[in-house]
>>> print(open('data29.pdb').read())   # PDB, C-alpha atoms
ATOM      1  CA  MET A   1      -3.845   2.846 -33.868
ATOM      2  CA  ASN A   2      -0.134   2.892 -34.023
ATOM      3  CA  PRO A   3       1.185   0.650 -31.269
ATOM      4  CA  GLY A   4       4.670   2.062 -31.436
ATOM      5  CA  ASN A   5       3.504   5.530 -30.720
ATOM      6  CA  HIS A   6       1.917   5.444 -27.320
ATOM      7  CA  ASP A   7       3.220   6.519 -23.974
ATOM      8  CA  LYS A   8       6.851   5.757 -24.665
ATOM      9  CA  THR A   9       7.195   9.496 -25.125
ATOM     10  CA  THR A  10       5.786  10.332 -21.712
ATOM     11  CA  GLY A  11       8.648   8.491 -20.097
ATOM     12  CA  GLN A  12       6.239   6.991 -17.613
ATOM     13  CA  GLU A  13       6.903   3.485 -18.742
ATOM     14  CA  ALA A  14      10.639   3.954 -18.831
ATOM     15  CA  HIS A  15      11.249   3.536 -15.106
ATOM     16  CA  VAL A  16       8.637   0.909 -14.281
ATOM     17  CA  HIS A  17      10.179  -1.678 -12.030
ATOM     18  CA  ILE A  18       8.592  -5.102 -12.285
ATOM     19  CA  VAL A  19       8.654  -6.842  -8.935
ATOM     20  CA  SER A  20       9.374 -10.532  -9.483
ATOM     21  CA  TYR A  21       7.080 -13.363  -8.357
ATOM     22  CA  LYS A  22       9.881 -14.609  -6.160
ATOM     23  CA  GLU A  23      10.144 -11.290  -4.346
ATOM     24  CA  HIS A  24       6.392 -11.289  -3.690
ATOM     25  CA  ALA A  25       6.585 -14.863  -2.424
ATOM     26  CA  SER A  26       9.390 -14.069  -0.001
ATOM     27  CA  THR A  27       7.519 -10.956   1.163
ATOM     28  CA  PHE A  28       4.563 -13.235   1.911
ATOM     29  CA  LEU A  29       6.779 -15.673   3.820
ATOM     30  CA  GLY A  30       8.230 -12.833   5.865
ATOM     31  CA  LEU A  31       4.727 -11.624   6.738
ATOM     32  CA  ILE A  32       3.685 -15.135   7.789
ATOM     33  CA  LEU A  33       6.747 -15.387  10.037
ATOM     34  CA  LEU A  34       5.875 -12.063  11.681
ATOM     35  CA  THR A  35       2.287 -13.271  12.187
ATOM     36  CA  ILE A  36       3.488 -16.484  13.834
ATOM     37  CA  MET A  37       5.769 -14.371  15.997
ATOM     38  CA  THR A  38       3.010 -12.065  17.210
ATOM     39  CA  VAL A  39       0.654 -14.986  17.951
ATOM     40  CA  THR A  40       3.402 -16.838  19.815
ATOM     41  CA  VAL A  41       4.264 -13.833  21.945
ATOM     42  CA  SER A  42       0.629 -13.312  22.866
ATOM     43  CA  VAL A  43      -0.862 -16.795  23.206
ATOM     44  CA  PHE A  44       1.960 -18.966  24.392
ATOM     45  CA  GLY A  45       3.010 -16.930  27.356
ATOM     46  CA  ALA A  46       5.967 -14.593  27.248
ATOM     47  CA  ASP A  47       4.685 -12.610  30.230
ATOM     48  CA  LEU A  48       5.588  -9.168  29.052
ATOM     49  CA  TYR A  49       2.516  -7.484  30.580
ATOM     50  CA  THR A  50       2.275  -3.929  29.260
ATOM     51  CA  LEU A  51       5.106  -4.722  26.879
ATOM     52  CA  THR A  52       2.800  -7.161  25.067
ATOM     53  CA  VAL A  53       0.782  -4.302  23.576
ATOM     54  CA  LEU A  54       3.923  -2.538  22.457
ATOM     55  CA  THR A  55       5.397  -5.737  21.038
ATOM     56  CA  ALA A  56       2.161  -6.500  19.186
ATOM     57  CA  LEU A  57       2.018  -2.969  17.783
ATOM     58  CA  ALA A  58       5.699  -3.049  16.818
ATOM     59  CA  ILE A  59       5.254  -6.335  14.940
ATOM     60  CA  ALA A  60       2.039  -5.066  13.306
ATOM     61  CA  SER A  61       3.860  -1.928  12.178
ATOM     62  CA  ALA A  62       6.730  -3.996  10.801
ATOM     63  CA  LYS A  63       4.171  -5.973   8.787
ATOM     64  CA  ALA A  64       2.501  -2.766   7.615
ATOM     65  CA  VAL A  65       5.843  -1.373   6.414
ATOM     66  CA  VAL A  66       6.602  -4.594   4.518
ATOM     67  CA  VAL A  67       3.161  -4.558   2.842
ATOM     68  CA  ALA A  68       3.472  -0.879   1.909
ATOM     69  CA  MET A  69       7.042  -1.149   0.611
ATOM     70  CA  TYR A  70       6.812  -4.360  -1.398
ATOM     71  CA  PHE A  71       3.164  -5.201  -2.151
ATOM     72  CA  MET A  72       2.160  -1.571  -2.610
ATOM     73  CA  HIS A  73       5.342  -0.864  -4.611
ATOM     74  CA  LEU A  74       6.318   2.149  -2.490
ATOM     75  CA  LYS A  75       9.939   1.055  -2.586
ATOM     76  CA  TYR A  76      10.171   1.312  -6.361
ATOM     77  CA  ASP A  77       7.654   4.070  -7.037
ATOM     78  CA  PRO A  78       8.556   7.771  -7.218
ATOM     79  CA  LYS A  79       9.392   9.174  -3.800
ATOM     80  CA  ILE A  80       6.421  11.549  -3.832
ATOM     81  CA  TYR A  81       4.068   8.759  -2.658
ATOM     82  CA  LYS A  82       6.303   7.988   0.303
ATOM     83  CA  ALA A  83       6.443  11.683   1.183
ATOM     84  CA  MET A  84       2.651  11.982   1.021
ATOM     85  CA  LEU A  85       2.204   8.942   3.226
ATOM     86  CA  GLY A  86       4.743  10.395   5.641
ATOM     87  CA  VAL A  87       2.743  13.626   5.951
ATOM     88  CA  VAL A  88      -0.449  11.679   6.673
ATOM     89  CA  LEU A  89       1.268   9.529   9.278
ATOM     90  CA  VAL A  90       2.647  12.612  11.026
ATOM     91  CA  LEU A  91      -0.865  14.071  10.989
ATOM     92  CA  PHE A  92      -2.217  10.898  12.546
ATOM     93  CA  ILE A  93       0.483  10.888  15.227
ATOM     94  CA  VAL A  94      -0.479  14.482  16.054
ATOM     95  CA  PHE A  95      -4.072  13.309  16.493
ATOM     96  CA  ILE A  96      -2.948  10.526  18.816
ATOM     97  CA  VAL A  97      -0.750  12.796  20.915
ATOM     98  CA  LEU A  98      -3.406  15.519  21.210
ATOM     99  CA  THR A  99      -6.076  12.989  22.175
ATOM    100  CA  LEU A 100      -3.756  11.444  24.760
ATOM    101  CA  ILE A 101      -2.928  14.815  26.274
ATOM    102  CA  ASP A 102      -6.628  15.636  26.387
ATOM    103  CA  TYR A 103      -7.380  12.323  28.064
ATOM    104  CA  LEU A 104      -4.589  12.587  30.611
ATOM    105  CA  ILE A 105      -5.116  16.172  31.783
ATOM    106  CA  ARG A 106      -8.897  15.957  32.057
ATOM    107  CA  ASN A 107     -10.380  14.709  35.272
TER     108      ASN A 107
ATOM    109  CA  MET B   1      17.949  14.841 -28.941
ATOM    110  CA  ASP B   2      15.676  12.415 -27.199
ATOM    111  CA  THR B   3      13.648  14.234 -24.646
ATOM    112  CA  THR B   4      11.008  12.427 -22.625
ATOM    113  CA  PHE B   5       9.229  15.514 -21.429
ATOM    114  CA  VAL B   6       5.694  15.938 -22.682
ATOM    115  CA  LEU B   7       3.387  18.758 -21.788
ATOM    116  CA  PRO B   8      -0.026  18.097 -20.347
ATOM    117  CA  ASN B   9      -2.835  17.987 -22.913
ATOM    118  CA  SER B  10      -0.360  16.794 -25.484
ATOM    119  CA  GLY B  11      -2.752  14.258 -26.924
ATOM    120  CA  HIS B  12      -2.265  11.617 -24.278
ATOM    121  CA  HIS B  13      -5.488  10.477 -22.789
ATOM    122  CA  ARG B  14      -4.231   9.477 -19.417
ATOM    123  CA  ASP B  15      -1.796  10.267 -16.668
ATOM    124  CA  ASP B  16      -0.769   7.178 -14.720
ATOM    125  CA  MET B  17       1.006   9.024 -11.963
ATOM    126  CA  SER B  18      -1.966  11.264 -11.161
ATOM    127  CA  SER B  19      -4.259   8.285 -11.289
ATOM    128  CA  LYS B  20      -2.215   6.474  -8.691
ATOM    129  CA  MET B  21      -1.838   9.617  -6.617
ATOM    130  CA  GLY B  22      -5.618  10.016  -6.559
ATOM    131  CA  MET B  23      -5.905   6.458  -5.276
ATOM    132  CA  TRP B  24      -3.364   7.148  -2.552
ATOM    133  CA  LEU B  25      -5.256  10.287  -1.497
ATOM    134  CA  PHE B  26      -8.385   8.184  -1.189
ATOM    135  CA  LEU B  27      -6.483   5.592   0.849
ATOM    136  CA  PHE B  28      -5.383   8.366   3.229
ATOM    137  CA  THR B  29      -9.026   9.194   3.957
ATOM    138  CA  GLU B  30      -9.599   5.515   4.694
ATOM    139  CA  LEU B  31      -6.565   5.505   6.939
ATOM    140  CA  LEU B  32      -7.950   8.431   8.927
ATOM    141  CA  LEU B  33     -11.408   6.833   9.074
ATOM    142  CA  PHE B  34     -10.005   3.739  10.731
ATOM    143  CA  GLY B  35      -7.438   5.837  12.587
ATOM    144  CA  GLY B  36     -10.256   7.651  14.386
ATOM    145  CA  LEU B  37     -11.712   4.315  15.441
ATOM    146  CA  PHE B  38      -8.326   3.150  16.666
ATOM    147  CA  LEU B  39      -8.126   6.329  18.759
ATOM    148  CA  VAL B  40     -11.473   5.486  20.383
ATOM    149  CA  TYR B  41     -10.194   1.977  20.996
ATOM    150  CA  MET B  42      -6.971   3.276  22.544
ATOM    151  CA  ILE B  43      -8.665   5.588  25.039
ATOM    152  CA  TYR B  44     -11.214   3.008  26.158
ATOM    153  CA  ARG B  45      -8.562   0.376  26.447
ATOM    154  CA  PHE B  46      -6.696   2.688  28.830
ATOM    155  CA  LYS B  47      -9.861   3.314  30.766
ATOM    156  CA  TYR B  48     -11.195  -0.250  30.917
ATOM    157  CA  HIS B  49      -7.978  -2.199  30.719
ATOM    158  CA  ASP B  50      -9.103  -5.282  32.650
ATOM    159  CA  ALA B  51     -12.522  -5.448  31.006
ATOM    160  CA  PHE B  52     -10.942  -5.385  27.532
ATOM    161  CA  LEU B  53      -8.555  -8.134  28.562
ATOM    162  CA  HIS B  54     -11.402 -10.200  29.953
ATOM    163  CA  ALA B  55     -13.673  -9.663  26.943
ATOM    164  CA  SER B  56     -10.965 -10.531  24.421
ATOM    165  CA  TYR B  57     -10.829 -14.090  25.797
ATOM    166  CA  ASP B  58     -14.222 -14.585  24.132
ATOM    167  CA  LEU B  59     -12.618 -14.091  20.719
ATOM    168  CA  ASN B  60     -11.093 -17.067  18.966
ATOM    169  CA  VAL B  61      -7.433 -16.496  18.084
ATOM    170  CA  TRP B  62      -7.558 -19.239  15.450
ATOM    171  CA  PHE B  63     -10.405 -17.639  13.504
ATOM    172  CA  GLY B  64      -8.455 -14.393  13.502
ATOM    173  CA  GLY B  65      -5.132 -16.077  12.765
ATOM    174  CA  VAL B  66      -6.382 -18.105   9.808
ATOM    175  CA  ASN B  67      -8.084 -15.008   8.418
ATOM    176  CA  THR B  68      -4.795 -13.118   8.730
ATOM    177  CA  ILE B  69      -3.056 -15.755   6.622
ATOM    178  CA  VAL B  70      -5.911 -15.759   4.085
ATOM    179  CA  LEU B  71      -5.666 -11.982   3.689
ATOM    180  CA  LEU B  72      -1.866 -11.997   3.430
ATOM    181  CA  ALA B  73      -2.055 -14.696   0.751
ATOM    182  CA  SER B  74      -4.672 -12.697  -1.161
ATOM    183  CA  SER B  75      -2.458  -9.628  -0.949
ATOM    184  CA  MET B  76       0.357 -11.627  -2.472
ATOM    185  CA  SER B  77      -1.827 -12.953  -5.290
ATOM    186  CA  VAL B  78      -3.073  -9.491  -6.265
ATOM    187  CA  ALA B  79       0.493  -8.145  -6.162
ATOM    188  CA  MET B  80       1.577 -11.050  -8.392
ATOM    189  CA  SER B  81      -1.282 -10.371 -10.801
ATOM    190  CA  ILE B  82       0.234  -6.926 -11.405
ATOM    191  CA  THR B  83       3.595  -8.576 -12.074
ATOM    192  CA  ALA B  84       1.894 -10.965 -14.504
ATOM    193  CA  MET B  85       0.156  -8.069 -16.264
ATOM    194  CA  GLN B  86       3.419  -6.142 -16.577
ATOM    195  CA  LYS B  87       5.042  -9.213 -18.094
ATOM    196  CA  GLY B  88       2.143  -9.594 -20.527
ATOM    197  CA  ASN B  89       0.798 -12.820 -19.071
ATOM    198  CA  ILE B  90      -2.856 -11.798 -19.204
ATOM    199  CA  LYS B  91      -4.359 -15.170 -18.352
ATOM    200  CA  LEU B  92      -2.233 -15.644 -15.255
ATOM    201  CA  SER B  93      -3.003 -12.104 -14.182
ATOM    202  CA  LYS B  94      -6.735 -12.747 -14.433
ATOM    203  CA  ASN B  95      -6.491 -16.059 -12.585
ATOM    204  CA  LEU B  96      -4.535 -14.462  -9.766
ATOM    205  CA  ILE B  97      -7.279 -11.844  -9.360
ATOM    206  CA  TRP B  98      -9.858 -14.648  -9.243
ATOM    207  CA  LEU B  99      -7.724 -16.262  -6.534
ATOM    208  CA  THR B 100      -7.840 -12.995  -4.587
ATOM    209  CA  ILE B 101     -11.628 -12.834  -4.889
ATOM    210  CA  ILE B 102     -11.880 -16.455  -3.695
ATOM    211  CA  ALA B 103      -9.684 -15.569  -0.722
ATOM    212  CA  ALA B 104     -12.023 -12.653   0.032
ATOM    213  CA  GLY B 105     -14.889 -15.164   0.022
ATOM    214  CA  ILE B 106     -13.027 -17.504   2.393
ATOM    215  CA  PHE B 107     -12.306 -14.569   4.689
ATOM    216  CA  LEU B 108     -15.998 -13.616   4.794
ATOM    217  CA  VAL B 109     -17.134 -17.209   5.396
ATOM    218  CA  ILE B 110     -14.759 -17.563   8.350
ATOM    219  CA  LYS B 111     -15.866 -14.149   9.600
ATOM    220  CA  SER B 112     -19.517 -15.160   9.422
ATOM    221  CA  PHE B 113     -18.828 -18.338  11.420
ATOM    222  CA  GLU B 114     -17.076 -16.202  13.984
ATOM    223  CA  TRP B 115     -19.873 -13.639  14.128
ATOM    224  CA  SER B 116     -22.647 -16.239  14.357
ATOM    225  CA  ALA B 117     -20.874 -17.814  17.353
ATOM    226  CA  LYS B 118     -20.938 -14.366  18.983
ATOM    227  CA  PHE B 119     -24.621 -13.966  18.131
ATOM    228  CA  GLU B 120     -25.365 -17.319  19.768
ATOM    229  CA  HIS B 121     -23.674 -16.094  22.914
ATOM    230  CA  GLY B 122     -25.750 -12.937  22.776
ATOM    231  CA  LEU B 123     -22.737 -10.658  22.470
ATOM    232  CA  PHE B 124     -24.073  -8.389  19.735
ATOM    233  CA  PRO B 125     -24.969  -4.894  21.011
ATOM    234  CA  GLY B 126     -28.572  -4.910  22.232
ATOM    235  CA  MET B 127     -28.715  -8.617  22.995
ATOM    236  CA  GLU B 128     -29.453  -9.908  26.472
ATOM    237  CA  HIS B 129     -26.005 -11.095  27.459
ATOM    238  CA  TYR B 130     -24.479  -7.922  26.021
ATOM    239  CA  ASN B 131     -26.777  -5.748  28.113
ATOM    240  CA  SER B 132     -25.878  -7.631  31.294
ATOM    241  CA  MET B 133     -22.155  -6.933  30.927
ATOM    242  CA  GLY B 134     -20.168  -4.068  32.387
ATOM    243  CA  ASN B 135     -19.349  -0.877  30.485
ATOM    244  CA  GLY B 136     -15.863  -1.996  29.460
ATOM    245  CA  GLU B 137     -16.943  -5.340  28.001
ATOM    246  CA  ARG B 138     -19.791  -3.665  26.175
ATOM    247  CA  LEU B 139     -17.461  -1.114  24.638
ATOM    248  CA  PHE B 140     -15.083  -3.869  23.610
ATOM    249  CA  PHE B 141     -17.782  -5.806  21.768
ATOM    250  CA  PHE B 142     -19.300  -2.670  20.311
ATOM    251  CA  LEU B 143     -15.929  -1.691  18.872
ATOM    252  CA  TYR B 144     -15.249  -5.280  17.803
ATOM    253  CA  PHE B 145     -18.474  -5.507  15.800
ATOM    254  CA  PHE B 146     -18.180  -2.013  14.404
ATOM    255  CA  MET B 147     -14.538  -2.224  13.328
ATOM    256  CA  THR B 148     -14.524  -5.797  12.000
ATOM    257  CA  GLY B 149     -17.885  -5.049  10.360
ATOM    258  CA  LEU B 150     -16.564  -1.941   8.652
ATOM    259  CA  HIS B 151     -13.506  -3.926   7.625
ATOM    260  CA  ALA B 152     -15.680  -6.750   6.247
ATOM    261  CA  LEU B 153     -17.587  -4.148   4.232
ATOM    262  CA  HIS B 154     -14.247  -3.084   2.748
ATOM    263  CA  VAL B 155     -13.481  -6.709   1.896
ATOM    264  CA  ILE B 156     -16.799  -6.946   0.019
ATOM    265  CA  ILE B 157     -16.201  -3.666  -1.828
ATOM    266  CA  GLY B 158     -12.637  -4.734  -2.616
ATOM    267  CA  ALA B 159     -13.835  -8.039  -4.083
ATOM    268  CA  ILE B 160     -16.387  -6.216  -6.278
ATOM    269  CA  PHE B 161     -13.658  -3.755  -7.333
ATOM    270  CA  LEU B 162     -11.447  -6.688  -8.341
ATOM    271  CA  TYR B 163     -14.299  -8.285 -10.288
ATOM    272  CA  PHE B 164     -14.683  -5.082 -12.327
ATOM    273  CA  ILE B 165     -10.961  -5.206 -13.037
ATOM    274  CA  ILE B 166     -11.354  -8.724 -14.457
ATOM    275  CA  ARG B 167     -14.161  -7.414 -16.667
ATOM    276  CA  ALA B 168     -11.910  -4.568 -17.794
ATOM    277  CA  ILE B 169      -9.135  -7.023 -18.634
ATOM    278  CA  GLN B 170     -11.569  -9.067 -20.718
ATOM    279  CA  LYS B 171     -12.596  -5.946 -22.600
ATOM    280  CA  GLN B 172      -8.900  -5.085 -22.986
ATOM    281  CA  LYS B 173      -9.422  -1.824 -21.168
ATOM    282  CA  VAL B 174      -6.685  -3.042 -18.855
ATOM    283  CA  ARG B 175      -3.666  -4.317 -20.773
ATOM    284  CA  GLN B 176       0.056  -4.717 -20.499
ATOM    285  CA  ASP B 177       0.667  -1.068 -21.376
ATOM    286  CA  LYS B 178      -2.318   0.301 -19.447
ATOM    287  CA  TYR B 179      -2.873  -1.338 -16.088
ATOM    288  CA  MET B 180      -3.388   1.541 -13.655
ATOM    289  CA  PHE B 181      -6.924   0.321 -12.869
ATOM    290  CA  LEU B 182      -5.456  -3.005 -11.785
ATOM    291  CA  GLU B 183      -2.706  -1.329  -9.808
ATOM    292  CA  ASN B 184      -5.208   0.908  -7.979
ATOM    293  CA  GLY B 185      -7.430  -2.081  -7.243
ATOM    294  CA  GLY B 186      -4.372  -3.785  -5.809
ATOM    295  CA  LEU B 187      -3.622  -0.747  -3.641
ATOM    296  CA  TYR B 188      -7.174  -0.826  -2.281
ATOM    297  CA  TRP B 189      -6.866  -4.518  -1.522
ATOM    298  CA  HIS B 190      -3.568  -4.019   0.291
ATOM    299  CA  LEU B 191      -5.207  -1.319   2.422
ATOM    300  CA  VAL B 192      -7.830  -3.875   3.477
ATOM    301  CA  ASP B 193      -4.961  -6.148   4.437
ATOM    302  CA  LEU B 194      -3.152  -3.338   6.286
ATOM    303  CA  ILE B 195      -6.189  -2.551   8.442
ATOM    304  CA  TRP B 196      -6.581  -6.207   9.366
ATOM    305  CA  ILE B 197      -2.898  -6.332  10.343
ATOM    306  CA  TYR B 198      -3.761  -3.877  13.149
ATOM    307  CA  LEU B 199      -7.232  -5.224  13.987
ATOM    308  CA  PHE B 200      -5.936  -8.731  14.571
ATOM    309  CA  PRO B 201      -3.493  -8.079  17.451
ATOM    310  CA  LEU B 202      -5.623  -5.332  19.008
ATOM    311  CA  PHE B 203      -8.748  -7.477  19.357
ATOM    312  CA  TYR B 204      -7.634 -11.102  19.348
ATOM    313  CA  LEU B 205      -4.228 -11.002  20.962
ATOM    314  CA  ILE B 206      -4.776  -9.176  24.250
ATOM    315  CA  HIS B 207      -3.414 -11.554  26.825
TER     316      HIS B 207
END
>>> encode(input="data29.pdb", output="structure tokens")
Amino acid sequence: MNPGNHDKTTGQEAHVHIVSYKEHASTFLGLILLTIMTVTVSVFGADLYTLTVLTALAIASAKAVVVAMYFMHLKYDPKIYKAMLGVVLVLFIVFIVLTLIDYLIRN
Amino acid sequence: MDTTFVLPNSGHHRDDMSSKMGMWLFLFTELLLFGGLFLVYMIYRFKYHDAFLHASYDLNVWFGGVNTIVLLASSMSVAMSITAMQKGNIKLSKNLIWLTIIAAGIFLVIKSFEWSAKFEHGLFPGMEHYNSMGNGERLFFFLYFFMTGLHALHVIIGAIFLYFIIRAIQKQKVRQDKYMFLENGGLYWHLVDLIWIYLFPLFYLIH
């Protein structure tokens, strides 16, 4: 097998971005901070009532975006993956909205 | 002229981009699987708001919180193992995957402590205490057991997936210039983490 002759020609390797250990570590730290934040808001008071759910979901979504962008490499991968994920998320939001409408207008 | 364009079926045995895209498509089906369950949760939480609030006090925030940190750490280690593989540090890459599998084990041990406490209190669907509760509380615990159970199943599958990746690295089927199997395993593991990110506040942090 000729080691010099593989895959370089496909160009796939050419734009691989290696995420550094440091970047992964700081991503982890950021996620821990967000976790501490969401626990603090919920457990140690902050009487936000209905806002608590929204705050919890907002923080969870922030964490999800960080995981997807950095750990799952979406930030550095070709944009097609982001676009696909976007389509699926829109689909899911449609499901939520339709279910909500169904729930609210039924007796 | 140096052109990087190569036609399909040009003698290359693999297509990394399609491989990853296939994994993402699979992850979307997982997303919709759990998404449907979250929809059920949402409607019943609207309907039985107070009961859900009341029932969630029976869950231990610290079990859930520690498990969140365990999963986040395991996500980091599997992400770093890809970095190590890309840099050619095979041994470190393998060790980081082992670390992820150990974290999966810790997660499951904590989960089993948590579940057995619920069993002792008779909160599993069908048990005496469960049957004596109102509709809302019952739905809460039904969804709790079903969703965390389905998630735990994903943790187990993910750990097995990662073990096969270690085997593939040992057989040099996964190497510095061919690591899509590892990357896809990582994606699966991150999905497990992503689902937990939503399960944790929705079940443990209703206050």
>>> resolve_selection(input="data29.pdb", expression="the PyMOL selection byres ((chain B) within 7 of (chain A))", output="PyMOL selection string")
chain B and resi 4-6+28+39+69+72-73+76+79-80+83+86+187+190+194+197-198+201+205-207
>>> atom_distance(input="data29.pdb", atom1="atom CA of B:Glu30", atom2="atom CA of B:Arg45")
22.4 Å
>>> atom_distance(input="data29.pdb", atom1="atom CA of B:Leu199", atom2="atom CA of B:Glu128")
25.9 Å
>>> atom_distance(input="data29.pdb", atom1="atom CA of B:Ser77", atom2="atom CA of A:Met37")
22.6 Å
>>> closest_residue(input="data29.pdb", among="B:Leu182, B:Ile160, B:Ala51, B:Met133", to="B:Ile90", atoms="only C-alpha atoms")
B:Leu182
>>> residues_around(input="data29.pdb", residues="stretch 165-172 of chain B", least_positions_apart="5", cutoff="10 Å", atoms="all atoms listed in the file", output="list in words")
Met85, Ile90, Lys91, Ser93, Lys94, Asn95, Ile97, Trp98, Ala159, Ile160, Lys178, Tyr179, Phe181, Leu182, Glu183, Asn184, Gly185 and Gly186 of chain B
>>> residues_around(input="data29.pdb", residues="B:Glu137", least_positions_apart="4", cutoff="10 Å", atoms="all atoms listed in the file", output="number ranges by chain")
B: 48-56, 123, 130-133, 141-143
>>> axis_aligned_box(input="data29.pdb", around="stretch 33-46 of chain B", padding_each_side="4 Å", output="JSON")
{"center_x": -9.2, "center_y": 4.0, "center_z": 19.0, "size_x": 13.0, "size_y": 15.3, "size_z": 27.8}
>>> build_atoms(input="data29.pdb", residues="stretch 125-141 of chain B", atoms="N, CA and C atoms", output="PDB file, in the frame of the given file")
ATOM      1  N   PRO B 125     -24.361  -6.007  20.278  1.00  0.00           N
ATOM      2  CA  PRO B 125     -24.969  -4.894  21.011  1.00  0.00           C
ATOM      3  C   PRO B 125     -26.494  -4.938  20.964  1.00  0.00           C
ATOM      4  N   GLY B 126     -27.116  -4.867  22.142  1.00  0.00           N
ATOM      5  CA  GLY B 126     -28.572  -4.910  22.232  1.00  0.00           C
ATOM      6  C   GLY B 126     -29.091  -6.255  22.713  1.00  0.00           C
ATOM      7  N   MET B 127     -28.267  -7.294  22.559  1.00  0.00           N
ATOM      8  CA  MET B 127     -28.715  -8.617  22.995  1.00  0.00           C
ATOM      9  C   MET B 127     -28.641  -8.739  24.516  1.00  0.00           C
ATOM     10  N   GLU B 128     -29.279  -9.782  25.019  1.00  0.00           N
ATOM     11  CA  GLU B 128     -29.453  -9.908  26.472  1.00  0.00           C
ATOM     12  C   GLU B 128     -28.127  -9.993  27.225  1.00  0.00           C
ATOM     13  N   HIS B 129     -27.288 -10.922  26.781  1.00  0.00           N
ATOM     14  CA  HIS B 129     -26.005 -11.095  27.459  1.00  0.00           C
ATOM     15  C   HIS B 129     -25.167  -9.812  27.387  1.00  0.00           C
ATOM     16  N   TYR B 130     -25.222  -9.177  26.208  1.00  0.00           N
ATOM     17  CA  TYR B 130     -24.479  -7.922  26.021  1.00  0.00           C
ATOM     18  C   TYR B 130     -24.933  -6.879  27.035  1.00  0.00           C
ATOM     19  N   ASN B 131     -26.256  -6.764  27.206  1.00  0.00           N
ATOM     20  CA  ASN B 131     -26.777  -5.748  28.113  1.00  0.00           C
ATOM     21  C   ASN B 131     -26.428  -6.017  29.573  1.00  0.00           C
ATOM     22  N   SER B 132     -26.156  -7.302  29.897  1.00  0.00           N
ATOM     23  CA  SER B 132     -25.878  -7.631  31.294  1.00  0.00           C
ATOM     24  C   SER B 132     -24.412  -7.403  31.654  1.00  0.00           C
ATOM     25  N   MET B 133     -23.585  -7.082  30.651  1.00  0.00           N
ATOM     26  CA  MET B 133     -22.155  -6.933  30.927  1.00  0.00           C
ATOM     27  C   MET B 133     -21.835  -5.522  31.423  1.00  0.00           C
ATOM     28  N   GLY B 134     -20.609  -5.378  31.926  1.00  0.00           N
ATOM     29  CA  GLY B 134     -20.168  -4.068  32.387  1.00  0.00           C
ATOM     30  C   GLY B 134     -19.865  -3.146  31.212  1.00  0.00           C
ATOM     31  N   ASN B 135     -19.628  -1.875  31.518  1.00  0.00           N
ATOM     32  CA  ASN B 135     -19.349  -0.877  30.485  1.00  0.00           C
ATOM     33  C   ASN B 135     -18.178  -1.259  29.589  1.00  0.00           C
ATOM     34  N   GLY B 136     -17.085  -1.700  30.205  1.00  0.00           N
ATOM     35  CA  GLY B 136     -15.863  -1.996  29.460  1.00  0.00           C
ATOM     36  C   GLY B 136     -16.063  -3.100  28.454  1.00  0.00           C
ATOM     37  N   GLU B 137     -16.693  -4.214  28.909  1.00  0.00           N
ATOM     38  CA  GLU B 137     -16.943  -5.340  28.001  1.00  0.00           C
ATOM     39  C   GLU B 137     -17.858  -4.914  26.861  1.00  0.00           C
ATOM     40  N   ARG B 138     -18.868  -4.105  27.220  1.00  0.00           N
ATOM     41  CA  ARG B 138     -19.791  -3.665  26.175  1.00  0.00           C
ATOM     42  C   ARG B 138     -19.070  -2.824  25.124  1.00  0.00           C
ATOM     43  N   LEU B 139     -18.215  -1.938  25.591  1.00  0.00           N
ATOM     44  CA  LEU B 139     -17.461  -1.114  24.638  1.00  0.00           C
ATOM     45  C   LEU B 139     -16.574  -1.982  23.756  1.00  0.00           C
ATOM     46  N   PHE B 140     -15.953  -2.984  24.383  1.00  0.00           N
ATOM     47  CA  PHE B 140     -15.083  -3.869  23.610  1.00  0.00           C
ATOM     48  C   PHE B 140     -15.868  -4.529  22.486  1.00  0.00           C
ATOM     49  N   PHE B 141     -17.032  -5.103  22.808  1.00  0.00           N
ATOM     50  CA  PHE B 141     -17.782  -5.806  21.768  1.00  0.00           C
ATOM     51  C   PHE B 141     -18.404  -4.844  20.768  1.00  0.00           C
TER      52      PHE B 141
END
